[in-house]
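Chemist: The following block contains the structure, expressed as structure tokens.
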Amino acid sequence: MIGAVAGLAPLLAVIELGRSLLVPGPIDHDHVWFVVIAGAVGLLVRLLFTAASSAIGHLLDSRVQLALRRHLAARLGRVPIGWFSRRRTGELAKVVGEDVSAVHPFIAHAPGELISAFVVPLLSLVYLITIDRRLTLITLIPVVLALAHVPLMMTPARLREEKQFDAAMGQIANSVVEFVQGISVVKAFGGSGRAHRRFRTATDDFVGIYYRFVRGLSVIAAGMQLVLSPPFVLLVVLIGGTALITNGGLPPADLLPFLLLGLGLTAPVAALIAHSFDDLRKKDATTTCSAAPAATPTSGMPP
């Protein structure tokens, strides 16, 4: 949080410099140097605290992944042998390896992105409202348009496609493991065509599912990227600011804060939408699919 707040200092310094230099009359050199130093200090604080936050997050992520894999290994060591006969090696390898690794963005990156996505826009909004409420509302138009796309990413059809995508990945892993384990049999008795056929079928199924998955997401993602892109944000702010300036309702120097903080207002939101929501869904799916059943009480086996 300290790093996110300090990251606003350079932008505020540029804004204050612009407004000071555009005001008619002599320049207050002491004030200008104070603003420059304050901006540089804020940048240094941001670098130090965000680096510390990233290091702590990755350390915690390593510990959590280690604990999860130990827990899974202990749980798998207690389940009946018959449980393994109903599971494929590729599925278990995917759970212990890939699925556990999927918590990395949620632990190492999501907290910082979530804080930046809420703290930075909130402080920017408070600052911009003190300058002009009308132009602040205009600056929020790209954010509102982007958030309107979020429900489209959570439709039942979209969630079904995600489950199909995950299942197709598991099928590919299973086919690869079965092919590798059966190489000796193929060499001894032939039948390489049959051995490859299952893998080709799994990859063909995956291609079809992946195409539907990306095709449904591409239109939504393109719309969100468009409304949050710097050119679109600047265009909205310039159109609204020009209208207010020509009507005499806004000093020209007051347009500068909206041009700079308008981009800072949408950038964290874009990062949140692009990564954090998807990472949270991956984490939830991983938690669901990675839970092995408790061992069935049998003779000599702990529950």
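Going through the structure tokens in order, the chains are called A, B, and so on, while each chain numbers its residues from 1 and the ligands are numbered from 1 in the order shown.
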Quick one: residues within 6 Å of segment 202-212 of chain A, only C-alpha atoms counted, chain neighbours fewer than 3 positions away excluded, as a list in words?
Modeler: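 Within the cut-off, the hits are Ala168, Ile172, Phe199 and Arg215 of chain A.
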Chemist: Residues of the last selection are to be written out with C-alpha atoms, as a CSV table (one decimal), in the first residue's frame.
Modeler:
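Generated output (again.csv):
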```
chain,number,residue,atom,x,y,z
A,168,ALA,CA,-8.8,-31.4,-22.3
A,172,ILE,CA,-3.4,-34.6,-23.2
A,199,PHE,CA,-2.6,-38.6,-28.4
A,215,ARG,CA,-13.1,-17.1,-29.8
```
Chemist: Write out as a list in words the residues lying within 8 Å of Gly262 of chain A, counting only C-alpha atoms and excluding same-chain residues fewer than 2 positions away.
Modeler: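 Non-adjacent residues within range: Thr139, Val233, Leu234, Val237, Pro257, Phe258, Leu259, Leu260, Gly264, Leu265 and Thr266 of chain A.
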Chemist: Give me the residues within 12 Å of Ile27 of chain A as a PyMOL selection string, counting only C-alpha atoms and dropping any in the same chain fewer than 6 places off.
Modeler: chain A and resi 17-21+33
Chemist: Take the residues from that selection and put them in a file with all heavy atoms, as a PDB file, in the first residue's frame.
Modeler:
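Ended up saving to part_11.pdb:
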```pdb
ATOM      1  N   LEU A  17       4.119  20.966 -11.095  1.00  0.00           N
ATOM      2  CA  LEU A  17       5.075  21.742 -11.880  1.00  0.00           C
ATOM      3  C   LEU A  17       4.377  22.414 -13.058  1.00  0.00           C
ATOM      4  O   LEU A  17       4.608  23.604 -13.351  1.00  0.00           O
ATOM      5  CB  LEU A  17       6.197  20.837 -12.391  1.00  0.00           C
ATOM      6  CG  LEU A  17       7.289  20.450 -11.398  1.00  0.00           C
ATOM      7  CD1 LEU A  17       8.268  19.478 -12.041  1.00  0.00           C
ATOM      8  CD2 LEU A  17       8.025  21.695 -10.902  1.00  0.00           C
ATOM      9  N   GLY A  18       3.542  21.657 -13.772  1.00  0.00           N
ATOM     10  CA  GLY A  18       2.836  22.238 -14.910  1.00  0.00           C
ATOM     11  C   GLY A  18       1.937  23.390 -14.510  1.00  0.00           C
ATOM     12  O   GLY A  18       1.918  24.444 -15.161  1.00  0.00           O
ATOM     13  N   ARG A  19       1.203  23.214 -13.433  1.00  0.00           N
ATOM     14  CA  ARG A  19       0.292  24.264 -13.000  1.00  0.00           C
ATOM     15  C   ARG A  19       1.071  25.482 -12.498  1.00  0.00           C
ATOM     16  O   ARG A  19       0.655  26.632 -12.692  1.00  0.00           O
ATOM     17  CB  ARG A  19      -0.629  23.737 -11.898  1.00  0.00           C
ATOM     18  CG  ARG A  19      -1.493  22.582 -12.365  1.00  0.00           C
ATOM     19  CD  ARG A  19      -2.346  22.009 -11.257  1.00  0.00           C
ATOM     20  NE  ARG A  19      -3.425  22.912 -10.870  1.00  0.00           N
ATOM     21  CZ  ARG A  19      -4.296  22.651  -9.898  1.00  0.00           C
ATOM     22  NH1 ARG A  19      -4.192  21.523  -9.223  1.00  0.00           N
ATOM     23  NH2 ARG A  19      -5.252  23.511  -9.615  1.00  0.00           N
ATOM     24  N   SER A  20       2.230  25.266 -11.851  1.00  0.00           N
ATOM     25  CA  SER A  20       3.033  26.396 -11.357  1.00  0.00           C
ATOM     26  C   SER A  20       3.658  27.175 -12.505  1.00  0.00           C
ATOM     27  O   SER A  20       3.715  28.412 -12.481  1.00  0.00           O
ATOM     28  CB  SER A  20       4.129  25.881 -10.416  1.00  0.00           C
ATOM     29  OG  SER A  20       3.571  25.239  -9.285  1.00  0.00           O
ATOM     30  N   LEU A  21       4.131  26.448 -13.532  1.00  0.00           N
ATOM     31  CA  LEU A  21       4.795  27.118 -14.638  1.00  0.00           C
ATOM     32  C   LEU A  21       3.815  27.801 -15.586  1.00  0.00           C
ATOM     33  O   LEU A  21       4.198  28.726 -16.310  1.00  0.00           O
ATOM     34  CB  LEU A  21       5.650  26.108 -15.412  1.00  0.00           C
ATOM     35  CG  LEU A  21       6.800  25.459 -14.624  1.00  0.00           C
ATOM     36  CD1 LEU A  21       7.505  24.412 -15.473  1.00  0.00           C
ATOM     37  CD2 LEU A  21       7.791  26.515 -14.143  1.00  0.00           C
ATOM     38  N   TRP A  33      11.780  23.375  -6.962  1.00  0.00           N
ATOM     39  CA  TRP A  33      12.755  22.376  -6.542  1.00  0.00           C
ATOM     40  C   TRP A  33      12.177  21.451  -5.468  1.00  0.00           C
ATOM     41  O   TRP A  33      12.471  20.253  -5.443  1.00  0.00           O
ATOM     42  CB  TRP A  33      14.022  23.053  -6.016  1.00  0.00           C
ATOM     43  CG  TRP A  33      14.949  23.456  -7.122  1.00  0.00           C
ATOM     44  CD1 TRP A  33      15.243  24.716  -7.552  1.00  0.00           C
ATOM     45  CD2 TRP A  33      15.697  22.568  -7.964  1.00  0.00           C
ATOM     46  NE1 TRP A  33      16.121  24.682  -8.603  1.00  0.00           N
ATOM     47  CE2 TRP A  33      16.433  23.368  -8.867  1.00  0.00           C
ATOM     48  CE3 TRP A  33      15.828  21.189  -8.039  1.00  0.00           C
ATOM     49  CZ2 TRP A  33      17.265  22.824  -9.832  1.00  0.00           C
ATOM     50  CZ3 TRP A  33      16.669  20.643  -9.000  1.00  0.00           C
ATOM     51  CH2 TRP A  33      17.377  21.456  -9.881  1.00  0.00           C
TER      52      TRP A  33
END
```
Chemist: May I ask which of the residues A:Gly249, A:Pro151, A:Pro142, A:Pro121 is the closest one to Leu228 of chain A, counting only C-alpha atoms?
Modeler: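 Looking at the shortest contact to Leu228 of chain A, the residue is A:Pro142.
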Chemist: Out of segment 99-231 of chain A, which residues get alpha helix (DSSP H) from DSSP, as a PyMOL selection string?
Modeler: chain A and resi 100-101+104+110-131+133-139+141-147+156-181+183-189+192-228+230-231
Chemist: Could you check how far atom CA of Met169 of chain A sits from atom CA of His196 of chain A, in Å to one decimal?
Modeler: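 Answer for the atom CA of Met169 of chain A to atom CA of His196 of chain A separation: 16.8 Å.
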Chemist: Taking 5 positions as the minimum chain separation for residues in the same chain, which residues sit within 12 Å of Val64 of chain A when counting only C-alpha atoms? Answer as a VMD selection string.
Modeler: chain A and resid 57 to 59 69 to 71 100 to 104 106 to 108
